[in-house]
file structure01.txt (compact mmCIF, C-alpha atoms)
# COMPACT_ATOMS: atom_id res chain seq x y z
CA MET A 83 5.56 37.02 -15.04
CA ALA A 84 6.74 34.18 -17.14
CA SER A 85 10.42 33.29 -17.01
CA LEU A 86 12.08 32.47 -20.27
CA ALA A 87 14.96 29.91 -20.68
CA ARG A 88 17.18 30.46 -23.62
CA SER A 89 20.37 28.68 -24.83
CA PRO A 90 23.20 30.70 -26.20
CA SER A 91 22.98 31.34 -29.86
CA ALA A 92 25.63 30.21 -32.29
CA MET A 93 26.85 32.54 -34.96
CA SER A 94 28.79 31.66 -38.09
CA ILE A 95 30.44 34.13 -40.41
CA THR A 96 30.89 33.33 -44.09
CA ARG A 97 31.96 35.35 -47.01
CA ILE A 98 29.69 36.46 -49.78
CA PRO A 99 29.42 33.87 -52.49
CA GLN A 100 30.55 34.50 -56.02
CA GLY A 101 27.02 34.97 -57.17
CA HIS A 102 26.91 38.38 -55.52
CA SER A 103 29.90 39.83 -57.40
CA LYS A 104 27.64 41.45 -59.92
CA SER A 105 25.82 43.36 -57.22
CA LEU A 106 29.18 44.60 -55.88
CA GLN A 107 30.21 45.82 -59.30
CA LEU A 108 26.94 47.76 -59.50
CA LEU A 109 27.75 49.38 -56.18
CA LYS A 110 31.18 50.36 -57.48
CA ALA A 111 29.55 51.82 -60.56
CA SER A 112 27.40 53.98 -58.28
CA LYS A 113 30.60 55.57 -56.85
CA VAL A 114 30.54 53.95 -53.44
CA PRO A 115 34.05 54.49 -52.04
CA TYR A 116 34.38 51.40 -49.88
CA VAL A 117 32.24 48.33 -49.43
CA LEU A 118 32.35 46.25 -46.29
CA PRO A 119 32.07 42.50 -46.68
CA PHE A 120 28.57 41.27 -45.93
CA HIS A 121 28.13 38.48 -43.48
CA ARG A 122 25.28 36.06 -43.32
CA ILE A 123 24.30 35.37 -39.76
CA HIS A 124 22.68 32.09 -38.80
CA ILE A 125 20.72 32.23 -35.54
CA ARG A 126 19.69 28.96 -33.98
CA ARG A 127 16.18 29.37 -32.63
CA SER A 128 15.82 28.07 -29.11
CA PRO A 129 12.65 26.63 -27.52
CA VAL A 130 10.58 29.00 -25.40
CA CYS A 131 9.32 27.37 -22.20
CA CYS A 132 6.56 28.93 -20.11
CA THR A 133 6.63 28.13 -16.42
CA LYS A 134 3.54 30.11 -15.44
CA PHE A 135 0.35 29.62 -17.43
CA PRO A 136 -2.82 31.68 -17.62
CA GLN A 137 -6.08 30.43 -16.16
CA TRP A 138 -7.54 29.29 -19.47
CA GLU A 139 -4.58 27.00 -20.30
CA PRO A 140 -5.32 23.46 -19.01
CA SER A 141 -1.81 21.96 -19.38
CA PRO A 142 1.75 23.21 -20.01
CA VAL A 143 2.56 23.73 -23.64
CA THR A 144 6.03 24.10 -25.14
CA TYR A 145 6.26 26.29 -28.19
CA ALA A 146 9.32 25.10 -30.08
CA LEU A 147 10.70 27.27 -32.86
CA THR A 148 12.58 25.54 -35.61
CA GLU A 149 14.10 26.73 -38.82
CA LYS A 150 11.41 25.10 -40.95
CA ALA A 151 8.56 26.38 -38.81
CA GLY A 152 9.24 30.01 -39.57
CA ASP A 153 6.03 32.01 -39.40
CA LYS A 154 3.91 28.88 -38.88
CA PHE A 155 4.87 28.24 -35.30
CA LEU A 156 1.32 28.93 -34.07
CA ASP A 157 -0.38 26.46 -36.42
CA LYS A 158 -0.06 23.52 -34.06
CA SER A 159 -0.61 25.51 -30.88
CA SER A 160 -4.32 26.10 -31.40
CA GLU A 161 -5.46 24.86 -27.98
CA LEU A 162 -5.59 28.37 -26.56
CA PHE A 163 -7.64 29.74 -29.43
CA GLU A 164 -9.93 26.69 -29.52
CA THR A 165 -10.61 27.26 -25.83
CA LEU A 166 -11.45 30.90 -26.47
CA ARG A 167 -13.69 29.95 -29.39
CA SER A 168 -15.52 27.33 -27.33
CA GLU A 169 -16.08 29.84 -24.52
CA SER A 170 -17.38 32.44 -26.95
CA SER A 171 -19.71 29.88 -28.59
CA ASP A 172 -20.98 28.79 -25.17
CA SER A 173 -21.68 32.40 -24.25
CA ARG A 174 -23.53 32.91 -27.53
CA ASP A 175 -25.63 29.77 -26.90
CA GLU A 176 -26.48 30.95 -23.40
CA ALA A 177 -27.42 34.39 -24.74
CA SER A 178 -29.68 32.82 -27.41
CA ILE A 179 -31.35 30.62 -24.78
CA THR A 180 -32.01 33.59 -22.52
CA LYS A 181 -33.38 35.58 -25.45
CA ALA A 182 -35.70 32.69 -26.40
CA GLU A 183 -36.92 32.44 -22.80
CA ASP A 184 -37.54 36.18 -22.69
CA ARG A 185 -39.40 35.94 -25.99
CA THR A 186 -41.61 33.13 -24.72
CA ASP A 187 -42.31 35.08 -21.55
CA THR A 188 -43.29 38.15 -23.54
CA THR A 189 -45.54 36.08 -25.82
CA ASN A 190 -47.17 34.27 -22.92
CA GLN A 191 -48.07 37.55 -21.21
CA PRO A 192 -50.38 38.76 -24.04
CA VAL A 193 -51.96 35.29 -24.23
CA ALA A 194 -52.75 35.39 -20.51
CA GLN A 195 -54.16 38.89 -20.91
CA LEU A 196 -56.34 37.77 -23.81
CA GLN A 197 -57.59 34.83 -21.77
CA PHE A 198 -58.48 37.24 -18.99
CA LEU A 199 -60.46 39.38 -21.47
CA LYS A 200 -62.52 36.35 -22.51
CA TRP A 201 -64.20 36.00 -19.12
CA PRO A 202 -66.64 38.95 -19.43
CA LEU A 203 -67.69 37.75 -22.89
CA TRP A 204 -69.39 34.72 -21.36
CA LEU A 205 -72.03 37.09 -19.92
CA LEU A 206 -71.80 39.93 -22.45
CA GLY A 207 -72.60 37.75 -25.49
CA PRO A 208 -75.82 36.18 -24.12
CA SER A 209 -76.87 39.58 -22.72
CA VAL A 210 -76.56 41.16 -26.18
CA LEU A 211 -78.58 38.30 -27.68
CA LEU A 212 -81.27 38.66 -25.02
CA GLY A 213 -81.50 42.44 -25.36
CA THR A 214 -81.74 42.48 -29.17
CA GLY A 215 -83.87 39.39 -29.73
CA MET A 216 -86.11 38.42 -26.85
CA VAL A 217 -86.88 41.71 -25.09
CA PRO A 218 -88.42 43.52 -28.13
CA THR A 219 -90.42 40.45 -29.14
CA LEU A 220 -91.76 39.66 -25.67
CA TRP A 221 -92.31 43.10 -24.11
CA LEU A 222 -92.90 45.42 -27.05
CA PRO A 223 -96.65 45.86 -27.67
CA ILE A 224 -97.98 44.75 -31.04
CA SER A 225 -99.78 48.08 -31.49
CA THR A 226 -96.45 49.93 -31.65
CA ILE A 227 -95.25 47.69 -34.49
CA PHE A 228 -98.35 46.73 -36.40
CA ILE A 229 -100.52 49.55 -37.69
CA GLY A 230 -102.37 47.63 -40.37
CA PRO A 231 -101.85 45.51 -43.49
CA ASN A 232 -99.54 48.04 -45.16
CA VAL A 233 -95.91 48.62 -46.06
CA VAL A 234 -95.17 50.57 -42.85
CA SER A 235 -96.02 47.58 -40.69
CA LEU A 236 -93.92 45.36 -42.94
CA LEU A 237 -90.89 47.65 -42.61
CA SER A 238 -91.37 47.86 -38.82
CA LEU A 239 -91.31 44.09 -38.52
CA ILE A 240 -88.26 43.81 -40.77
CA GLY A 241 -86.48 46.46 -38.67
CA LEU A 242 -87.25 44.47 -35.53
CA ASP A 243 -85.69 41.37 -37.09
CA CYS A 244 -82.68 43.39 -38.25
CA ILE A 245 -82.04 44.41 -34.65
CA PHE A 246 -82.04 40.75 -33.69
CA ASN A 247 -79.73 39.90 -36.60
CA LEU A 248 -77.26 42.55 -35.43
CA GLY A 249 -77.26 41.16 -31.90
CA CYS A 250 -76.96 37.61 -33.23
CA THR A 251 -73.92 38.57 -35.31
CA LEU A 252 -72.21 40.13 -32.29
CA PHE A 253 -73.01 37.05 -30.22
CA LEU A 254 -71.54 34.70 -32.84
CA LEU A 255 -68.37 36.80 -33.09
CA MET A 256 -67.92 36.67 -29.31
CA ALA A 257 -68.58 32.93 -29.30
CA ASP A 258 -66.00 32.43 -32.05
CA TYR A 259 -63.45 34.44 -30.07
CA CYS A 260 -64.09 32.43 -26.90
CA ALA A 261 -63.90 29.13 -28.81
CA LYS A 262 -60.37 29.80 -30.05
CA SER A 263 -57.45 27.93 -28.51
CA LYS A 264 -55.46 29.37 -25.62
CA ASN A 265 -52.32 29.16 -27.73
CA LEU A 266 -52.83 31.68 -30.52
CA GLY A 267 -50.22 29.95 -32.64
CA GLN A 268 -52.41 26.88 -32.96
CA ALA A 269 -55.18 26.82 -35.51
CA SER A 270 -58.74 26.69 -34.12
CA LYS A 271 -60.56 25.40 -37.18
CA SER A 272 -63.46 22.96 -37.11
CA LYS A 273 -65.00 21.56 -40.25
CA PRO A 274 -68.57 20.24 -39.95
CA PRO A 275 -69.40 16.80 -41.39
CA VAL A 276 -70.92 16.60 -44.83
CA SER A 277 -73.99 14.83 -43.45
CA TYR A 278 -74.60 17.73 -41.07
CA GLN A 279 -74.37 20.27 -43.89
CA PHE A 280 -76.75 18.24 -46.03
CA TRP A 281 -79.29 17.92 -43.21
CA ASN A 282 -79.21 21.66 -42.49
CA LEU A 283 -79.69 22.52 -46.13
CA VAL A 284 -82.65 20.14 -46.41
CA ALA A 285 -84.27 21.56 -43.26
CA THR A 286 -83.75 25.17 -44.36
CA LEU A 287 -84.95 24.64 -47.92
CA THR A 288 -88.02 22.81 -46.65
CA GLY A 289 -88.83 25.70 -44.32
CA LEU A 290 -88.38 28.08 -47.24
CA ALA A 291 -90.37 26.07 -49.78
CA ILE A 292 -93.55 25.66 -47.69
CA PRO A 293 -94.49 29.38 -47.44
CA LEU A 294 -93.55 29.97 -51.08
CA MET A 295 -95.84 27.14 -52.17
CA MET A 296 -98.65 28.65 -50.06
CA LEU A 297 -98.10 32.02 -51.76
CA PHE A 298 -98.15 30.41 -55.20
CA GLY A 299 -101.35 28.48 -54.43
CA SER A 300 -103.05 31.60 -53.09
CA GLN A 301 -102.13 33.71 -56.11
CA LYS A 302 -103.29 30.99 -58.53
CA GLY A 303 -106.57 30.54 -56.70
CA TYR A 304 -105.91 27.02 -55.50
CA LEU A 305 -106.34 28.11 -51.89
CA GLN A 306 -109.51 29.86 -50.85
CA PRO A 307 -110.16 32.44 -49.61
CA GLN A 308 -107.39 34.20 -51.45
CA LEU A 309 -104.90 36.26 -49.38
CA PRO A 310 -103.48 39.50 -50.87
CA PHE A 311 -99.75 39.95 -51.18
CA ILE A 312 -99.28 42.72 -48.56
CA PRO A 313 -100.99 40.81 -45.69
CA TYR A 314 -99.04 37.72 -46.72
CA ALA A 315 -95.76 39.74 -46.65
CA VAL A 316 -96.62 41.12 -43.20
CA LEU A 317 -97.17 37.61 -41.86
CA LEU A 318 -94.35 35.66 -43.52
CA GLY A 319 -92.11 38.24 -45.23
CA PRO A 320 -89.72 38.77 -42.25
CA TYR A 321 -89.63 34.99 -41.74
CA ILE A 322 -88.43 34.37 -45.32
CA LEU A 323 -85.88 37.19 -45.13
CA LEU A 324 -84.33 36.01 -41.86
CA LEU A 325 -84.25 32.42 -43.10
CA SER A 326 -82.19 33.55 -46.10
CA VAL A 327 -79.81 35.39 -43.78
CA GLN A 328 -79.41 32.21 -41.72
CA MET A 329 -78.49 30.18 -44.80
CA LEU A 330 -75.82 32.72 -45.75
CA THR A 331 -74.40 32.82 -42.21
CA GLU A 332 -74.18 29.03 -41.99
CA MET A 333 -72.42 28.78 -45.34
CA LEU A 334 -69.87 31.37 -44.21
CA THR A 335 -69.15 29.47 -41.00
CA TRP A 336 -68.68 26.27 -43.02
CA HIS A 337 -66.34 28.01 -45.44
CA TRP A 338 -64.27 29.65 -42.68
CA GLU A 339 -64.31 26.41 -40.64
CA SER A 340 -65.34 28.35 -37.58
CA PRO A 341 -66.08 26.39 -34.39
CA ILE A 342 -69.48 28.14 -34.09
CA TRP A 343 -71.06 26.14 -36.94
CA LEU A 344 -72.90 24.07 -34.32
CA VAL A 345 -74.30 27.12 -32.49
CA THR A 346 -75.46 29.22 -35.46
CA PRO A 347 -78.63 27.27 -36.43
CA VAL A 348 -79.68 26.89 -32.78
CA VAL A 349 -79.68 30.66 -32.23
CA TYR A 350 -81.62 31.45 -35.40
CA GLU A 351 -84.11 28.63 -34.96
CA ALA A 352 -84.90 29.59 -31.37
CA TYR A 353 -85.75 33.12 -32.52
CA ARG A 354 -87.72 31.75 -35.48
CA VAL A 355 -90.16 30.03 -33.14
CA LEU A 356 -90.85 33.39 -31.47
CA GLN A 357 -91.10 35.04 -34.88
CA LEU A 358 -93.76 32.58 -36.01
CA MET A 359 -95.65 32.95 -32.74
CA ARG A 360 -95.73 36.67 -33.42
CA GLY A 361 -97.09 35.84 -36.88
CA LEU A 362 -99.97 33.94 -35.25
CA LYS A 363 -100.90 37.04 -33.25
CA LEU A 364 -100.75 39.19 -36.36
CA GLY A 365 -102.91 36.64 -38.23
CA VAL A 366 -105.65 37.13 -35.67
CA GLU A 367 -105.37 40.91 -36.13
CA LEU A 368 -105.57 40.56 -39.91
CA SER A 369 -108.35 37.95 -39.88
CA ALA A 370 -106.18 35.66 -41.97
CA PRO A 371 -107.80 32.60 -43.62
CA ALA A 372 -107.67 29.25 -41.85
CA TRP A 373 -105.21 27.71 -44.29
CA MET A 374 -102.74 30.52 -43.50
CA MET A 375 -103.05 30.00 -39.76
CA HIS A 376 -102.57 26.25 -40.17
CA THR A 377 -99.49 26.90 -42.30
CA ILE A 378 -97.93 29.07 -39.59
CA ARG A 379 -98.71 26.47 -36.91
CA GLY A 380 -97.15 23.79 -39.10
CA LEU A 381 -94.00 25.90 -39.49
CA VAL A 382 -93.80 26.34 -35.72
CA CYS A 383 -93.96 22.57 -35.23
CA TRP A 384 -91.40 22.00 -38.00
CA TRP A 385 -88.82 24.33 -36.49
CA VAL A 386 -89.34 23.00 -32.98
CA LEU A 387 -88.56 19.55 -34.39
CA ILE A 388 -85.46 20.85 -36.19
CA LEU A 389 -84.33 22.65 -33.02
CA GLY A 390 -84.62 19.40 -31.08
CA VAL A 391 -82.50 17.61 -33.69
CA GLN A 392 -79.88 20.36 -33.46
CA LEU A 393 -79.71 20.00 -29.68
CA MET A 394 -79.29 16.24 -30.11
CA ARG A 395 -76.39 16.95 -32.44
CA VAL A 396 -74.80 19.19 -29.78
CA ALA A 397 -74.93 16.28 -27.33
CA TRP A 398 -73.49 13.93 -29.98
CA PHE A 399 -70.65 16.34 -30.72
CA ALA A 400 -69.78 16.64 -27.02
CA GLY A 401 -69.52 12.84 -26.74
CA PHE A 402 -67.51 12.64 -29.96
CA THR A 403 -65.04 15.23 -28.67
CA ALA A 404 -64.64 13.37 -25.37
CA ARG A 405 -63.93 10.09 -27.18
CA ALA A 406 -61.39 11.78 -29.46
CA GLN A 407 -59.57 13.27 -26.47
CA ARG A 408 -59.43 9.89 -24.71
CA GLN A 409 -58.01 8.24 -27.82
CA LEU A 410 -55.42 10.98 -28.21
CA SER A 411 -54.37 10.75 -24.57
CA SER A 412 -54.09 6.95 -24.75
CA ALA A 413 -52.04 7.16 -27.96
CA SER A 414 -49.68 9.73 -26.40
CA ALA A 415 -49.33 7.59 -23.25
CA GLY A 416 -48.54 4.50 -25.34
CA ALA A 417 -45.92 6.38 -27.33

call {"tool": "encode", "arguments": {"input": "structure01.txt", "output": "structure tokens"}}
result
Amino acid sequence: MASLARSPSAMSITRIPQGHSKSLQLLKASKVPYVLPFHRIHIRRSPVCCTKFPQWEPSPVTYALTEKAGDKFLDKSSELFETLRSESSDSRDEASITKAEDRTDTTNQPVAQLQFLKWPLWLLGPSVLLGTGMVPTLWLPISTIFIGPNVVSLLSLIGLDCIFNLGCTLFLLMADYCAKSKNLGQASKSKPPVSYQFWNLVATLTGLAIPLMMLFGSQKGYLQPQLPFIPYAVLLGPYILLLSVQMLTEMLTWHWESPIWLVTPVVYEAYRVLQLMRGLKLGVELSAPAWMMHTIRGLVCWWVLILGVQLMRVAWFAGFTARAQRQLSSASAGA
């Protein structure tokens, strides 16, 4: 308990000044029989000294009450309340720090789980590509696909290429997911160079223009013997269709700035070589003219060359990325 020291109070008695005579007359008018004289009491406020202090008070404080202080005697004694406010602010800061740490822990747990889910995709993606593209082309007999130079054979070949396109799309989606950064908050965008886009467009348009020129020359009679449209569509129709799909896919990867822009042409061009080799087998079955067989062989050589250039670009991009990382690490070390 705190002991209080107090000096005796002084009291002074004075009479009511003349200014209050009117109020006394009003009291007489209200039939008050007797009015006692009012006294004004002056109490001298004494200082209050605390000899025992609470734990939060760092030093003894004397709270002195004066006549002028009145109700404002706590204005200058704000040390206690400032201490309480500082403690409450510190507790709020600690609570916010712990909440931020808990939030980072909860966000890191899903990231680690997502990284764990990426591991099976490294085998699942290539397995899907192998099962939809290479297995039907290499092990499926030609007799089950090709019946003759008719529309049924054309639709069978297009369906076979559609199966590959479905598997290729799944593979590219898995590759895009695996290529994303470990920190999901960071952007994983990669824009290809303009020179790369120009080269791919030139290579694709050249591969598309050659068979169309052969078709035009055959229909106009410039190439002999003339090849009808249905046998021509059976031999090169799926090739032209899949090449158009490749152009659209590459443009979408460039527009979305996906990191798989370097992988997309390699996958399609590797299958295109097998597709053209299948066309050579079908040309023998159809007894295609020599100029058509030479055209298909020329397309095979063209796309093997383009595939080699694409693989060279993959090696260049790996070296470019390594140099960029070294420069970034050296810049961060210098800073």

call {"tool": "residues_around", "arguments": {"input": "structure01.txt", "residues": "Leu368 of chain A", "least_positions_apart": "5", "cutoff": "12 Å", "atoms": "all atoms listed in the file", "output": "JSON, numbers by chain"}}
result
{"A": [228, 229, 230, 231, 232, 235, 309, 310, 312, 313, 314, 315, 316, 317, 361, 362, 363, 374, 375]}

call {"tool": "atom_distance", "arguments": {"input": "structure01.txt", "atom1": "atom CA of Met216 of chain A", "atom2": "atom CA of Val327 of chain A"}}
result
18.3 Å

call {"tool": "closest_residue", "arguments": {"input": "structure01.txt", "among": "A:Leu387, A:Ala413, A:Ala372, A:Val349", "to": "Leu324 of chain A", "atoms": "all atoms listed in the file"}}
result
A:Val349

call {"tool": "atom_distance", "arguments": {"input": "structure01.txt", "atom1": "atom CA of Lys273 of chain A", "atom2": "atom CA of Ser340 of chain A"}}
result
7.3 Å

call {"tool": "closest_residue", "arguments": {"input": "structure01.txt", "among": "A:Leu283, A:Val345, A:Val234, A:Leu211", "to": "Phe246 of chain A", "atoms": "only C-alpha atoms"}}
result
A:Leu211

call {"tool": "atom_distance", "arguments": {"input": "structure01.txt", "atom1": "atom CA of Ile240 of chain A", "atom2": "atom CA of Tyr259 of chain A"}}
result
28.6 Å

call {"tool": "residues_around", "arguments": {"input": "structure01.txt", "residues": "Thr214 of chain A", "least_positions_apart": "3", "cutoff": "8 Å", "atoms": "all atoms listed in the file", "output": "short mmCIF file (atom, residue, chain, number, x, y, z; two decimals) with C-alpha atoms, in the frame of the given file"}}
result
data_model
loop_
_atom_site.label_atom_id
_atom_site.label_comp_id
_atom_site.auth_asym_id
_atom_site.auth_seq_id
_atom_site.Cartn_x
_atom_site.Cartn_y
_atom_site.Cartn_z
CA VAL A 210 -76.56 41.16 -26.18
CA LEU A 211 -78.58 38.30 -27.68
CA VAL A 217 -86.88 41.71 -25.09
CA PRO A 218 -88.42 43.52 -28.13
CA ILE A 245 -82.04 44.41 -34.65
CA PHE A 246 -82.04 40.75 -33.69
CA LEU A 248 -77.26 42.55 -35.43
CA GLY A 249 -77.26 41.16 -31.90
CA CYS A 250 -76.96 37.61 -33.23
#

call {"tool": "residues_near_point", "arguments": {"input": "structure01.txt", "point": "(-92.5, 24.4, -36.2)", "cutoff": "10 Å", "atoms": "only C-alpha atoms", "output": "count of residues only"}}
result
19

call {"tool": "closest_residue", "arguments": {"input": "structure01.txt", "among": "A:Ala261, A:Trp373, A:Pro223, A:Gly401", "to": "Pro293 of chain A", "atoms": "all atoms listed in the file"}}
result
A:Trp373

call {"tool": "closest_residue", "arguments": {"input": "structure01.txt", "among": "A:Trp221, A:Phe280, A:Trp201, A:Phe399", "to": "Met333 of chain A", "atoms": "all atoms listed in the file"}}
result
A:Phe280
